[in-house]
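See structure below.
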Amino acid sequence: MYHVYTERDYSEFSKTLIGEFTDLEAAMTKARKAIENQPDLRYIVEETDGHVNNYGELITTVVAESD
């Protein structure tokens, strides 16, 4: 499962979930479209397999992010 987020100014508080995808290509397409014509936004694509840590938070790996 891939989660696509947008983020403003590298602030964790501005992180917004755009969508969840099973296909990486679909996730990347959505990520690029989400920040199109918005120079103050960047995207982050994270992968998860459903496992959680001791605090109940999903364990994720960043697979792509924009500059």
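Following the order of the structure tokens, chains are lettered A, B, ..., residues in each are numbered from 1, and ligands are numbered from 1.
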
Checklist entry - Skipping near chain neighbours, those fewer than 6 positions away, what residues fall within 10 Å of Met1 of chain A using only C-alpha atoms, listed as number ranges by chain? => result A: 20-24, 27, 46-50, 60

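Comparing A:Gly56, A:Asp9, A:Glu65, A:His3 by their smallest distance to Tyr43 of chain A, the closest is A:Glu65 (using only C-alpha atoms).
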
Checklist entry - Could you pull out the strand (DSSP E) residues of chain A from DSSP and send them as JSON, numbers by chain? => result {"A": [2, 3, 4, 5, 6, 7, 8, 16, 17, 18, 19, 20, 21, 41, 42, 43, 44, 45, 46, 47, 48, 49, 50, 51, 52, 58, 59, 60, 61, 62, 63, 64, 65]}

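The shortest atom-to-atom distance to Tyr5 of chain A, with only C-alpha atoms taken into account, belongs to A:Ile35 out of A:Ile59, A:Val52, A:Ala26, A:Ile35.
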
Checklist entry - Of the candidates A:Lys33, A:His51, A:Ile44, A:Ile18, which one gets nearest to Val63 of chain A if we count only C-alpha atoms? => result A:Ile44

DSSP on the backbone: what in chain A comes out alpha helix (DSSP H), as a tab-separated table (two decimals) with N, CA and C atoms, in the first residue's frame?
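Saved the output as selection-v9.tsv:
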chain	number	residue	atom	x	y	z
A	24	LEU	N	2.27	1.62	-7.46
A	24	LEU	CA	3.23	2.71	-7.29
A	24	LEU	C	3.10	3.73	-8.42
A	25	GLU	N	2.90	3.30	-9.64
A	25	GLU	CA	2.77	4.23	-10.76
A	25	GLU	C	1.57	5.16	-10.58
A	26	ALA	N	0.45	4.62	-10.12
A	26	ALA	CA	-0.74	5.43	-9.87
A	26	ALA	C	-0.47	6.43	-8.75
A	27	ALA	N	0.25	6.01	-7.73
A	27	ALA	CA	0.60	6.89	-6.61
A	27	ALA	C	1.50	8.02	-7.08
A	28	MET	N	2.48	7.71	-7.91
A	28	MET	CA	3.40	8.74	-8.41
A	28	MET	C	2.68	9.74	-9.31
A	29	THR	N	1.77	9.26	-10.13
A	29	THR	CA	1.00	10.14	-11.01
A	29	THR	C	0.16	11.11	-10.18
A	30	LYS	N	-0.50	10.59	-9.16
A	30	LYS	CA	-1.33	11.43	-8.29
A	30	LYS	C	-0.46	12.43	-7.53
A	31	ALA	N	0.71	12.00	-7.07
A	31	ALA	CA	1.61	12.88	-6.33
A	31	ALA	C	2.06	14.05	-7.19
A	32	ARG	N	2.45	13.76	-8.43
A	32	ARG	CA	2.90	14.83	-9.32
A	32	ARG	C	1.78	15.81	-9.63
A	33	LYS	N	0.57	15.28	-9.84
A	33	LYS	CA	-0.57	16.16	-10.14
A	33	LYS	C	-0.95	17.01	-8.93
A	34	ALA	N	-0.77	16.48	-7.73
A	34	ALA	CA	-1.15	17.20	-6.51
A	34	ALA	C	-0.34	18.47	-6.30
A	35	ILE	N	0.92	18.47	-6.75
A	35	ILE	CA	1.76	19.66	-6.53
A	35	ILE	C	1.93	20.49	-7.80

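Interatomic distance, atom CA of Asp40 of chain A against atom CA of Leu58 of chain A: 27.1 Å.
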
Checklist entry - A:Thr6, A:Glu12, A:Gly19, A:Val62: which is nearest Glu36 of chain A, counting only C-alpha atoms? => result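 Of the candidates, the smallest distance to Glu36 of chain A is held by A:Thr6.
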
Next on the checklist: Under the rule that only C-alpha atoms are counted, which of A:Thr16, A:Ala64, A:Glu57, A:Glu7 is the nearest residue to Val45 of chain A?
Outcome noted: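 Once distances to Val45 of chain A are computed over only C-alpha atoms, the minimum belongs to A:Ala64.
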